[in-house]
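Colleague: Sharing final-v2.txt below, compact mmCIF, N, CA and C atoms:
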```txt
# COMPACT_ATOMS: atom_id res chain seq x y z
N THR A 1 0.74 -32.51 -0.99
CA THR A 1 0.87 -31.12 -1.41
C THR A 1 0.63 -30.20 -0.22
N GLY A 2 1.50 -29.22 -0.09
CA GLY A 2 1.39 -28.24 1.00
C GLY A 2 0.59 -27.03 0.55
N ILE A 3 -0.06 -26.42 1.48
CA ILE A 3 -0.82 -25.20 1.18
C ILE A 3 -0.06 -24.04 1.81
N PHE A 4 0.24 -23.04 0.99
CA PHE A 4 0.93 -21.85 1.47
C PHE A 4 -0.12 -20.77 1.74
N ILE A 5 -0.16 -20.30 2.97
CA ILE A 5 -1.10 -19.25 3.33
C ILE A 5 -0.29 -18.02 3.69
N ASP A 6 -0.59 -16.92 3.05
CA ASP A 6 0.16 -15.68 3.24
C ASP A 6 -0.49 -14.86 4.36
N ILE A 7 -0.21 -15.26 5.59
CA ILE A 7 -0.78 -14.58 6.75
C ILE A 7 0.34 -13.84 7.47
N PRO A 8 0.20 -12.51 7.62
CA PRO A 8 1.26 -11.78 8.32
C PRO A 8 1.27 -12.10 9.81
N VAL A 9 2.47 -12.10 10.38
CA VAL A 9 2.63 -12.31 11.81
C VAL A 9 3.03 -10.97 12.42
N ILE A 10 2.26 -10.53 13.40
CA ILE A 10 2.51 -9.26 14.06
C ILE A 10 2.67 -9.53 15.55
N PHE A 11 3.81 -9.12 16.10
CA PHE A 11 4.08 -9.29 17.52
C PHE A 11 3.72 -8.00 18.25
N LEU A 12 2.99 -8.13 19.33
CA LEU A 12 2.67 -6.99 20.19
C LEU A 12 3.62 -7.03 21.38
N VAL A 13 4.54 -6.10 21.43
CA VAL A 13 5.52 -6.04 22.50
C VAL A 13 5.06 -5.00 23.52
N ASP A 14 5.22 -5.30 24.76
CA ASP A 14 4.83 -4.39 25.86
C ASP A 14 3.33 -4.09 25.89
N GLU A 15 2.51 -4.96 25.35
CA GLU A 15 1.04 -4.81 25.42
C GLU A 15 0.55 -5.71 26.54
N ASP A 16 -0.30 -5.20 27.37
CA ASP A 16 -0.87 -5.98 28.46
C ASP A 16 -2.11 -6.70 27.94
N LEU A 17 -1.91 -7.87 27.36
CA LEU A 17 -3.02 -8.64 26.79
C LEU A 17 -3.64 -9.52 27.87
N GLN A 18 -4.96 -9.49 27.90
CA GLN A 18 -5.68 -10.30 28.88
C GLN A 18 -6.86 -10.97 28.19
N VAL A 19 -7.28 -12.10 28.74
CA VAL A 19 -8.43 -12.83 28.21
C VAL A 19 -9.66 -11.93 28.31
N GLY A 20 -10.40 -11.83 27.22
CA GLY A 20 -11.61 -11.03 27.19
C GLY A 20 -11.38 -9.57 26.82
N ARG A 21 -10.12 -9.17 26.70
CA ARG A 21 -9.78 -7.80 26.33
C ARG A 21 -9.43 -7.77 24.85
N LYS A 22 -9.87 -6.72 24.14
CA LYS A 22 -9.61 -6.62 22.71
C LYS A 22 -8.19 -6.13 22.43
N VAL A 23 -7.63 -6.63 21.35
CA VAL A 23 -6.34 -6.16 20.87
C VAL A 23 -6.58 -4.79 20.24
N PRO A 24 -5.66 -3.83 20.40
CA PRO A 24 -5.87 -2.49 19.84
C PRO A 24 -5.97 -2.52 18.32
N ASN A 25 -7.20 -2.39 17.80
CA ASN A 25 -7.47 -2.49 16.37
C ASN A 25 -6.68 -1.50 15.53
N GLU A 26 -6.61 -0.25 15.97
CA GLU A 26 -5.95 0.78 15.17
C GLU A 26 -4.48 0.44 14.92
N LYS A 27 -3.81 -0.06 15.92
CA LYS A 27 -2.40 -0.43 15.77
C LYS A 27 -2.24 -1.58 14.78
N ILE A 28 -3.10 -2.58 14.89
CA ILE A 28 -3.04 -3.73 13.99
C ILE A 28 -3.34 -3.31 12.56
N GLU A 29 -4.36 -2.48 12.38
CA GLU A 29 -4.73 -2.02 11.03
C GLU A 29 -3.58 -1.25 10.38
N LYS A 30 -2.93 -0.38 11.14
CA LYS A 30 -1.80 0.37 10.58
C LYS A 30 -0.65 -0.56 10.24
N ALA A 31 -0.38 -1.55 11.08
CA ALA A 31 0.68 -2.52 10.79
C ALA A 31 0.36 -3.30 9.52
N LEU A 32 -0.90 -3.64 9.31
CA LEU A 32 -1.30 -4.36 8.09
C LEU A 32 -1.14 -3.50 6.84
N VAL A 33 -1.41 -2.20 6.96
CA VAL A 33 -1.20 -1.28 5.83
C VAL A 33 0.29 -1.21 5.49
N ILE A 34 1.13 -1.15 6.50
CA ILE A 34 2.58 -1.14 6.29
C ILE A 34 3.03 -2.42 5.61
N ILE A 35 2.56 -3.56 6.09
CA ILE A 35 2.91 -4.85 5.50
C ILE A 35 2.49 -4.91 4.03
N ALA A 36 1.29 -4.44 3.73
CA ALA A 36 0.81 -4.44 2.34
C ALA A 36 1.71 -3.60 1.44
N LYS A 37 2.16 -2.45 1.94
CA LYS A 37 3.04 -1.58 1.14
C LYS A 37 4.39 -2.24 0.92
N LEU A 38 4.93 -2.89 1.95
CA LEU A 38 6.21 -3.59 1.79
C LEU A 38 6.10 -4.67 0.73
N LYS A 39 4.99 -5.39 0.74
CA LYS A 39 4.79 -6.44 -0.27
C LYS A 39 4.65 -5.83 -1.66
N GLU A 40 3.93 -4.71 -1.75
CA GLU A 40 3.75 -4.02 -3.03
C GLU A 40 5.09 -3.58 -3.61
N LEU A 41 5.99 -3.11 -2.74
CA LEU A 41 7.31 -2.65 -3.18
C LEU A 41 8.33 -3.78 -3.28
N SER A 42 7.92 -5.00 -2.96
CA SER A 42 8.80 -6.18 -2.97
C SER A 42 9.98 -6.01 -2.01
N ILE A 43 9.70 -5.44 -0.84
CA ILE A 43 10.72 -5.32 0.20
C ILE A 43 10.54 -6.52 1.14
N PRO A 44 11.52 -7.43 1.16
CA PRO A 44 11.37 -8.62 2.00
C PRO A 44 11.46 -8.28 3.49
N PHE A 45 10.68 -8.99 4.29
CA PHE A 45 10.72 -8.80 5.74
C PHE A 45 10.41 -10.13 6.41
N THR A 46 10.81 -10.24 7.68
CA THR A 46 10.62 -11.49 8.40
C THR A 46 9.62 -11.37 9.54
N ALA A 47 9.56 -10.21 10.18
CA ALA A 47 8.66 -10.05 11.33
C ALA A 47 8.24 -8.59 11.47
N THR A 48 7.09 -8.40 12.06
CA THR A 48 6.56 -7.06 12.33
C THR A 48 6.25 -6.99 13.82
N LYS A 49 6.77 -5.95 14.47
CA LYS A 49 6.56 -5.80 15.91
C LYS A 49 5.95 -4.43 16.18
N ILE A 50 4.94 -4.40 17.03
CA ILE A 50 4.37 -3.15 17.49
C ILE A 50 4.90 -2.93 18.90
N VAL A 51 5.67 -1.86 19.05
CA VAL A 51 6.29 -1.54 20.34
C VAL A 51 5.87 -0.11 20.69
N GLY A 52 5.00 0.01 21.66
CA GLY A 52 4.52 1.34 22.05
C GLY A 52 3.84 2.03 20.88
N GLY A 53 4.35 3.18 20.49
CA GLY A 53 3.79 3.95 19.39
C GLY A 53 4.52 3.76 18.09
N SER A 54 5.29 2.67 17.96
CA SER A 54 6.07 2.43 16.75
C SER A 54 5.82 1.04 16.19
N VAL A 55 6.07 0.91 14.90
CA VAL A 55 6.06 -0.40 14.24
C VAL A 55 7.47 -0.64 13.72
N LEU A 56 8.06 -1.75 14.13
CA LEU A 56 9.38 -2.15 13.69
C LEU A 56 9.22 -3.34 12.75
N VAL A 57 9.76 -3.21 11.55
CA VAL A 57 9.71 -4.30 10.58
C VAL A 57 11.12 -4.83 10.42
N ASP A 58 11.31 -6.10 10.77
CA ASP A 58 12.62 -6.75 10.67
C ASP A 58 12.75 -7.43 9.31
N GLY A 59 13.95 -7.48 8.84
CA GLY A 59 14.26 -8.14 7.58
C GLY A 59 15.64 -7.72 7.14
N ASN A 60 15.95 -7.87 5.86
CA ASN A 60 17.23 -7.40 5.34
C ASN A 60 17.35 -5.89 5.57
N ILE A 61 16.22 -5.22 5.48
CA ILE A 61 16.14 -3.79 5.76
C ILE A 61 15.22 -3.63 6.96
N LYS A 62 15.72 -3.01 8.01
CA LYS A 62 14.88 -2.74 9.17
C LYS A 62 14.19 -1.40 8.94
N SER A 63 12.88 -1.37 9.15
CA SER A 63 12.11 -0.15 8.95
C SER A 63 11.37 0.21 10.23
N LEU A 64 11.38 1.49 10.56
CA LEU A 64 10.68 1.99 11.74
C LEU A 64 9.63 3.00 11.33
N PHE A 65 8.41 2.81 11.81
CA PHE A 65 7.29 3.70 11.50
C PHE A 65 6.68 4.20 12.80
N SER A 66 6.12 5.38 12.78
CA SER A 66 5.41 5.92 13.93
C SER A 66 3.92 5.69 13.75
N LEU A 67 3.27 5.19 14.78
CA LEU A 67 1.82 5.01 14.74
C LEU A 67 1.09 6.33 15.02
N ASN A 68 1.82 7.33 15.49
CA ASN A 68 1.21 8.59 15.87
C ASN A 68 1.32 9.66 14.79
N LYS A 69 2.03 9.38 13.73
CA LYS A 69 2.22 10.36 12.65
C LYS A 69 1.52 9.86 11.39
N ASP A 70 1.44 10.73 10.39
CA ASP A 70 0.74 10.44 9.15
C ASP A 70 1.35 9.22 8.45
N LEU A 71 0.60 8.13 8.41
CA LEU A 71 1.11 6.88 7.84
C LEU A 71 1.27 6.99 6.32
N LYS A 72 0.36 7.70 5.65
CA LYS A 72 0.48 7.85 4.19
C LYS A 72 1.78 8.56 3.83
N TRP A 73 2.14 9.59 4.60
CA TRP A 73 3.38 10.31 4.35
C TRP A 73 4.58 9.39 4.55
N GLN A 74 4.56 8.60 5.62
CA GLN A 74 5.67 7.68 5.89
C GLN A 74 5.82 6.64 4.79
N LEU A 75 4.69 6.13 4.29
CA LEU A 75 4.74 5.12 3.23
C LEU A 75 5.21 5.73 1.91
N ALA A 76 4.80 6.97 1.64
CA ALA A 76 5.26 7.66 0.43
C ALA A 76 6.77 7.90 0.52
N SER A 77 7.25 8.28 1.70
CA SER A 77 8.69 8.47 1.90
C SER A 77 9.45 7.16 1.71
N LEU A 78 8.90 6.08 2.23
CA LEU A 78 9.51 4.77 2.06
C LEU A 78 9.63 4.44 0.57
N GLN A 79 8.57 4.68 -0.17
CA GLN A 79 8.57 4.38 -1.59
C GLN A 79 9.63 5.20 -2.33
N LEU A 80 9.77 6.49 -1.99
CA LEU A 80 10.78 7.33 -2.63
C LEU A 80 12.20 6.85 -2.30
N VAL A 81 12.44 6.53 -1.04
CA VAL A 81 13.76 6.03 -0.63
C VAL A 81 14.06 4.72 -1.36
N TRP A 82 13.07 3.85 -1.44
CA TRP A 82 13.26 2.54 -2.08
C TRP A 82 13.55 2.69 -3.56
N GLN A 83 12.83 3.59 -4.25
CA GLN A 83 13.05 3.81 -5.68
C GLN A 83 14.44 4.40 -5.93
N LYS A 84 14.83 5.37 -5.10
CA LYS A 84 16.15 5.98 -5.24
C LYS A 84 17.23 4.93 -5.00
N ASN A 85 17.02 4.07 -4.02
CA ASN A 85 17.98 3.03 -3.71
C ASN A 85 18.14 2.05 -4.87
N ARG A 86 17.06 1.74 -5.52
CA ARG A 86 17.13 0.79 -6.65
C ARG A 86 17.96 1.38 -7.79
N ILE A 87 17.90 2.70 -7.97
CA ILE A 87 18.69 3.35 -9.01
C ILE A 87 20.16 3.39 -8.61
N GLU A 88 20.44 3.74 -7.35
CA GLU A 88 21.82 3.89 -6.88
C GLU A 88 22.47 2.56 -6.50
N SER A 89 21.68 1.52 -6.31
CA SER A 89 22.17 0.18 -5.96
C SER A 89 23.02 0.14 -4.69
N LYS A 90 22.61 0.91 -3.69
CA LYS A 90 23.28 0.83 -2.39
C LYS A 90 22.49 -0.14 -1.52
N ARG A 91 23.16 -0.69 -0.52
CA ARG A 91 22.49 -1.63 0.37
C ARG A 91 22.05 -0.89 1.63
N ILE A 92 20.73 -0.80 1.81
CA ILE A 92 20.16 -0.12 2.97
C ILE A 92 20.14 -1.09 4.14
N ASN A 93 20.55 -0.60 5.30
CA ASN A 93 20.49 -1.38 6.52
C ASN A 93 19.22 -1.04 7.30
N ARG A 94 18.91 0.27 7.41
CA ARG A 94 17.77 0.70 8.21
C ARG A 94 17.16 1.98 7.65
N ILE A 95 15.82 2.06 7.72
CA ILE A 95 15.08 3.26 7.36
C ILE A 95 14.21 3.63 8.55
N ASP A 96 14.41 4.83 9.06
CA ASP A 96 13.62 5.31 10.20
C ASP A 96 12.70 6.43 9.69
N LEU A 97 11.41 6.15 9.67
CA LEU A 97 10.44 7.09 9.11
C LEU A 97 9.66 7.83 10.19
N ARG A 98 10.13 7.81 11.40
CA ARG A 98 9.41 8.43 12.51
C ARG A 98 9.64 9.93 12.60
N PHE A 99 10.55 10.46 11.83
CA PHE A 99 10.91 11.87 11.91
C PHE A 99 10.38 12.64 10.70
N SER A 100 10.57 13.96 10.69
CA SER A 100 10.05 14.78 9.59
C SER A 100 10.73 14.45 8.26
N LYS A 101 11.97 13.97 8.33
CA LYS A 101 12.67 13.49 7.13
C LYS A 101 13.15 12.08 7.41
N PRO A 102 13.04 11.18 6.46
CA PRO A 102 13.48 9.80 6.69
C PRO A 102 14.99 9.74 6.98
N VAL A 103 15.36 8.89 7.92
CA VAL A 103 16.77 8.65 8.24
C VAL A 103 17.12 7.29 7.62
N VAL A 104 18.08 7.31 6.69
CA VAL A 104 18.47 6.09 5.98
C VAL A 104 19.90 5.75 6.37
N ILE A 105 20.12 4.53 6.84
CA ILE A 105 21.46 4.07 7.19
C ILE A 105 21.82 2.96 6.22
N TYR A 106 22.95 3.16 5.55
CA TYR A 106 23.41 2.19 4.56
C TYR A 106 24.42 1.23 5.18
N SER A 107 24.48 0.01 4.64
CA SER A 107 25.46 -0.97 5.06
C SER A 107 26.82 -0.60 4.49
N LYS A 108 27.88 -1.06 5.16
CA LYS A 108 29.24 -0.79 4.66
C LYS A 108 29.56 -1.65 3.49
```
Re-express the file's structure as structure tokens.
Modeller:
Amino acid sequence: TGIFIDIPVIFLVDEDLQVGRKVPNEKIEKALVIIAKLKELSIPFTATKIVGGSVLVDGNIKSLFSLNKDLKWQLASLQLVWQKNRIESKRINRIDLRFSKPVVIYSK
């Protein structure tokens, strides 16, 4: 019997990691909050990357979040876009939440 452990994988891109140096906690914590919200909304994803001041979530829907802006607002916007999408049944390719209004790109 196999044991399934639900551990998120977060890639730190462009981070200068060294032995004895701590990983930036705030960035990791925000990425974990984003992952939890994606799971709550049942949005599938394959990888999470922290690149500079952004979090990129790869999957069927690519999502971009800013680490420097209000994360609660970005997650609330994501939830509204996702709910609207479920009603309209369009296929979203990418959601960019780094701006004052979410940018949603649909697949053809």
Colleague: Have a look at A:Trp73, A:Lys37, A:Ser89, A:Ala31 and name the one nearest to Val55 in chain A; count all atoms listed in the file.
Modeller: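 Of A:Trp73, A:Lys37, A:Ser89, A:Ala31, the one nearest Val55 in chain A is A:Ala31, counting all atoms listed in the file.
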Colleague: If DSSP is run on the backbone, what residues of chain A are alpha helix (DSSP H)? A reply as a PyMOL selection string would be ideal.
Modeller: chain A and resi 25-40+71-88
Colleague: Go ahead and save the residues from that selection, with N, CA and C atoms, as a short mmCIF file (atom, residue, chain, number, x, y, z; two decimals), in the coordinates of the input.
Modeller:
```
data_model
loop_
_atom_site.label_atom_id
_atom_site.label_comp_id
_atom_site.auth_asym_id
_atom_site.auth_seq_id
_atom_site.Cartn_x
_atom_site.Cartn_y
_atom_site.Cartn_z
N ASN A 25 -7.20 -2.39 17.80
CA ASN A 25 -7.47 -2.49 16.37
C ASN A 25 -6.68 -1.50 15.53
N GLU A 26 -6.61 -0.25 15.97
CA GLU A 26 -5.95 0.78 15.17
C GLU A 26 -4.48 0.44 14.92
N LYS A 27 -3.81 -0.06 15.92
CA LYS A 27 -2.40 -0.43 15.77
C LYS A 27 -2.24 -1.58 14.78
N ILE A 28 -3.10 -2.58 14.89
CA ILE A 28 -3.04 -3.73 13.99
C ILE A 28 -3.34 -3.31 12.56
N GLU A 29 -4.36 -2.48 12.38
CA GLU A 29 -4.73 -2.02 11.03
C GLU A 29 -3.58 -1.25 10.38
N LYS A 30 -2.93 -0.38 11.14
CA LYS A 30 -1.80 0.37 10.58
C LYS A 30 -0.65 -0.56 10.24
N ALA A 31 -0.38 -1.55 11.08
CA ALA A 31 0.68 -2.52 10.79
C ALA A 31 0.36 -3.30 9.52
N LEU A 32 -0.90 -3.64 9.31
CA LEU A 32 -1.30 -4.36 8.09
C LEU A 32 -1.14 -3.50 6.84
N VAL A 33 -1.41 -2.20 6.96
CA VAL A 33 -1.20 -1.28 5.83
C VAL A 33 0.29 -1.21 5.49
N ILE A 34 1.13 -1.15 6.50
CA ILE A 34 2.58 -1.14 6.29
C ILE A 34 3.03 -2.42 5.61
N ILE A 35 2.56 -3.56 6.09
CA ILE A 35 2.91 -4.85 5.50
C ILE A 35 2.49 -4.91 4.03
N ALA A 36 1.29 -4.44 3.73
CA ALA A 36 0.81 -4.44 2.34
C ALA A 36 1.71 -3.60 1.44
N LYS A 37 2.16 -2.45 1.94
CA LYS A 37 3.04 -1.58 1.14
C LYS A 37 4.39 -2.24 0.92
N LEU A 38 4.93 -2.89 1.95
CA LEU A 38 6.21 -3.59 1.79
C LEU A 38 6.10 -4.67 0.73
N LYS A 39 4.99 -5.39 0.74
CA LYS A 39 4.79 -6.44 -0.27
C LYS A 39 4.65 -5.83 -1.66
N GLU A 40 3.93 -4.71 -1.75
CA GLU A 40 3.75 -4.02 -3.03
C GLU A 40 5.09 -3.58 -3.61
N LEU A 71 0.60 8.13 8.41
CA LEU A 71 1.11 6.88 7.84
C LEU A 71 1.27 6.99 6.32
N LYS A 72 0.36 7.70 5.65
CA LYS A 72 0.48 7.85 4.19
C LYS A 72 1.78 8.56 3.83
N TRP A 73 2.14 9.59 4.60
CA TRP A 73 3.38 10.31 4.35
C TRP A 73 4.58 9.39 4.55
N GLN A 74 4.56 8.60 5.62
CA GLN A 74 5.67 7.68 5.89
C GLN A 74 5.82 6.64 4.79
N LEU A 75 4.69 6.13 4.29
CA LEU A 75 4.74 5.12 3.23
C LEU A 75 5.21 5.73 1.91
N ALA A 76 4.80 6.97 1.64
CA ALA A 76 5.26 7.66 0.43
C ALA A 76 6.77 7.90 0.52
N SER A 77 7.25 8.28 1.70
CA SER A 77 8.69 8.47 1.90
C SER A 77 9.45 7.16 1.71
N LEU A 78 8.90 6.08 2.23
CA LEU A 78 9.51 4.77 2.06
C LEU A 78 9.63 4.44 0.57
N GLN A 79 8.57 4.68 -0.17
CA GLN A 79 8.57 4.38 -1.59
C GLN A 79 9.63 5.20 -2.33
N LEU A 80 9.77 6.49 -1.99
CA LEU A 80 10.78 7.33 -2.63
C LEU A 80 12.20 6.85 -2.30
N VAL A 81 12.44 6.53 -1.04
CA VAL A 81 13.76 6.03 -0.63
C VAL A 81 14.06 4.72 -1.36
N TRP A 82 13.07 3.85 -1.44
CA TRP A 82 13.26 2.54 -2.08
C TRP A 82 13.55 2.69 -3.56
N GLN A 83 12.83 3.59 -4.25
CA GLN A 83 13.05 3.81 -5.68
C GLN A 83 14.44 4.40 -5.93
N LYS A 84 14.83 5.37 -5.10
CA LYS A 84 16.15 5.98 -5.24
C LYS A 84 17.23 4.93 -5.00
N ASN A 85 17.02 4.07 -4.02
CA ASN A 85 17.98 3.03 -3.71
C ASN A 85 18.14 2.05 -4.87
N ARG A 86 17.06 1.74 -5.52
CA ARG A 86 17.13 0.79 -6.65
C ARG A 86 17.96 1.38 -7.79
N ILE A 87 17.90 2.70 -7.97
CA ILE A 87 18.69 3.35 -9.01
C ILE A 87 20.16 3.39 -8.61
N GLU A 88 20.44 3.74 -7.35
CA GLU A 88 21.82 3.89 -6.88
C GLU A 88 22.47 2.56 -6.50
#
```
Colleague: Report, in Å to a single decimal, how far apart CA of Ile7 in chain A and CA of Asn93 in chain A are.
Modeller: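 We find that CA of Asn93 in chain A and CA of Ile7 in chain A lie 25.0 Å from each other.
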Colleague: Determine, counting only C-alpha atoms, which protein, DNA and RNA residues have an atom within 12 Å of an atom of Lys39 in chain A; residues of the same chain fewer than 5 positions away are not included. Present the result as a PDB file with N, CA and C atoms, in the frame of the given file.
Modeller:
```
ATOM      1  N   ASP A   6      -0.590 -16.920   3.050  1.00  0.00           N
ATOM      2  CA  ASP A   6       0.160 -15.680   3.240  1.00  0.00           C
ATOM      3  C   ASP A   6      -0.490 -14.860   4.360  1.00  0.00           C
ATOM      4  N   PRO A   8       0.200 -12.510   7.620  1.00  0.00           N
ATOM      5  CA  PRO A   8       1.260 -11.780   8.320  1.00  0.00           C
ATOM      6  C   PRO A   8       1.270 -12.100   9.810  1.00  0.00           C
ATOM      7  N   LEU A  32      -0.900  -3.640   9.310  1.00  0.00           N
ATOM      8  CA  LEU A  32      -1.300  -4.360   8.090  1.00  0.00           C
ATOM      9  C   LEU A  32      -1.140  -3.500   6.840  1.00  0.00           C
ATOM     10  N   VAL A  33      -1.410  -2.200   6.960  1.00  0.00           N
ATOM     11  CA  VAL A  33      -1.200  -1.280   5.830  1.00  0.00           C
ATOM     12  C   VAL A  33       0.290  -1.210   5.490  1.00  0.00           C
ATOM     13  N   ILE A  34       1.130  -1.150   6.500  1.00  0.00           N
ATOM     14  CA  ILE A  34       2.580  -1.140   6.290  1.00  0.00           C
ATOM     15  C   ILE A  34       3.030  -2.420   5.610  1.00  0.00           C
ATOM     16  N   PRO A  44      11.520  -7.430   1.160  1.00  0.00           N
ATOM     17  CA  PRO A  44      11.370  -8.620   2.000  1.00  0.00           C
ATOM     18  C   PRO A  44      11.460  -8.280   3.490  1.00  0.00           C
ATOM     19  N   PHE A  45      10.680  -8.990   4.290  1.00  0.00           N
ATOM     20  CA  PHE A  45      10.720  -8.800   5.740  1.00  0.00           C
ATOM     21  C   PHE A  45      10.410 -10.130   6.410  1.00  0.00           C
ATOM     22  N   THR A  46      10.810 -10.240   7.680  1.00  0.00           N
ATOM     23  CA  THR A  46      10.620 -11.490   8.400  1.00  0.00           C
ATOM     24  C   THR A  46       9.620 -11.370   9.540  1.00  0.00           C
ATOM     25  N   GLN A  79       8.570   4.680  -0.170  1.00  0.00           N
ATOM     26  CA  GLN A  79       8.570   4.380  -1.590  1.00  0.00           C
ATOM     27  C   GLN A  79       9.630   5.200  -2.330  1.00  0.00           C
TER      28      GLN A  79
END
```
Colleague: Quick one: residues within 8 Å of Ala47 in chain A, only N, CA and C atoms, excluding same-chain residues fewer than 3 positions away - as a compact mmCIF listing (two decimals) with N, CA and C atoms, keeping the file's coordinate frame?
Modeller:
```txt
# COMPACT_ATOMS: atom_id res chain seq x y z
N PRO A 8 0.20 -12.51 7.62
CA PRO A 8 1.26 -11.78 8.32
C PRO A 8 1.27 -12.10 9.81
N VAL A 9 2.47 -12.10 10.38
CA VAL A 9 2.63 -12.31 11.81
C VAL A 9 3.03 -10.97 12.42
N ILE A 10 2.26 -10.53 13.40
CA ILE A 10 2.51 -9.26 14.06
C ILE A 10 2.67 -9.53 15.55
N PHE A 11 3.81 -9.12 16.10
CA PHE A 11 4.08 -9.29 17.52
C PHE A 11 3.72 -8.00 18.25
N PRO A 44 11.52 -7.43 1.16
CA PRO A 44 11.37 -8.62 2.00
C PRO A 44 11.46 -8.28 3.49
N ILE A 50 4.94 -4.40 17.03
CA ILE A 50 4.37 -3.15 17.49
C ILE A 50 4.90 -2.93 18.90
N LEU A 56 8.06 -1.75 14.13
CA LEU A 56 9.38 -2.15 13.69
C LEU A 56 9.22 -3.34 12.75
N VAL A 57 9.76 -3.21 11.55
CA VAL A 57 9.71 -4.30 10.58
C VAL A 57 11.12 -4.83 10.42
N ASP A 58 11.31 -6.10 10.77
CA ASP A 58 12.62 -6.75 10.67
C ASP A 58 12.75 -7.43 9.31
N GLY A 59 13.95 -7.48 8.84
CA GLY A 59 14.26 -8.14 7.58
C GLY A 59 15.64 -7.72 7.14
```
Colleague: When distances are computed from only N, CA and C atoms, which of A:Ile87, A:Val51, A:Ile43, A:Ala36 shows the smallest separation from Asp14 in chain A?
Modeller: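 For Asp14 in chain A, the nearest of the given residues is A:Val51.
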Colleague: Between CA of Arg91 in chain A and CA of Ile61 in chain A, what distance in Å does the model show, to one decimal?
Modeller: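 Interatomic distance, CA of Arg91 in chain A to CA of Ile61 in chain A: 8.6 Å.
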Colleague: Pick out each residue of range 21-97 of chain A that DSSP on the backbone tags as strand (DSSP E); I need them as a PyMOL selection string.
Modeller: chain A and resi 47-51+54-58+62-66+92-96
Colleague: So how far away is CA of Leu64 in chain A from atom N of Asn85 in chain A, in Å?
Modeller: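 Rounded to one decimal, the two atoms are 17.1 Å apart.
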Colleague: Residues within 6 Å of Arg94 in chain A, please, as an MDAnalysis selection string. Count all atoms listed in the file; anything in the same chain fewer than 5 positions from it doesn't count.
Modeller: chainID A and resid 61:63 103:106
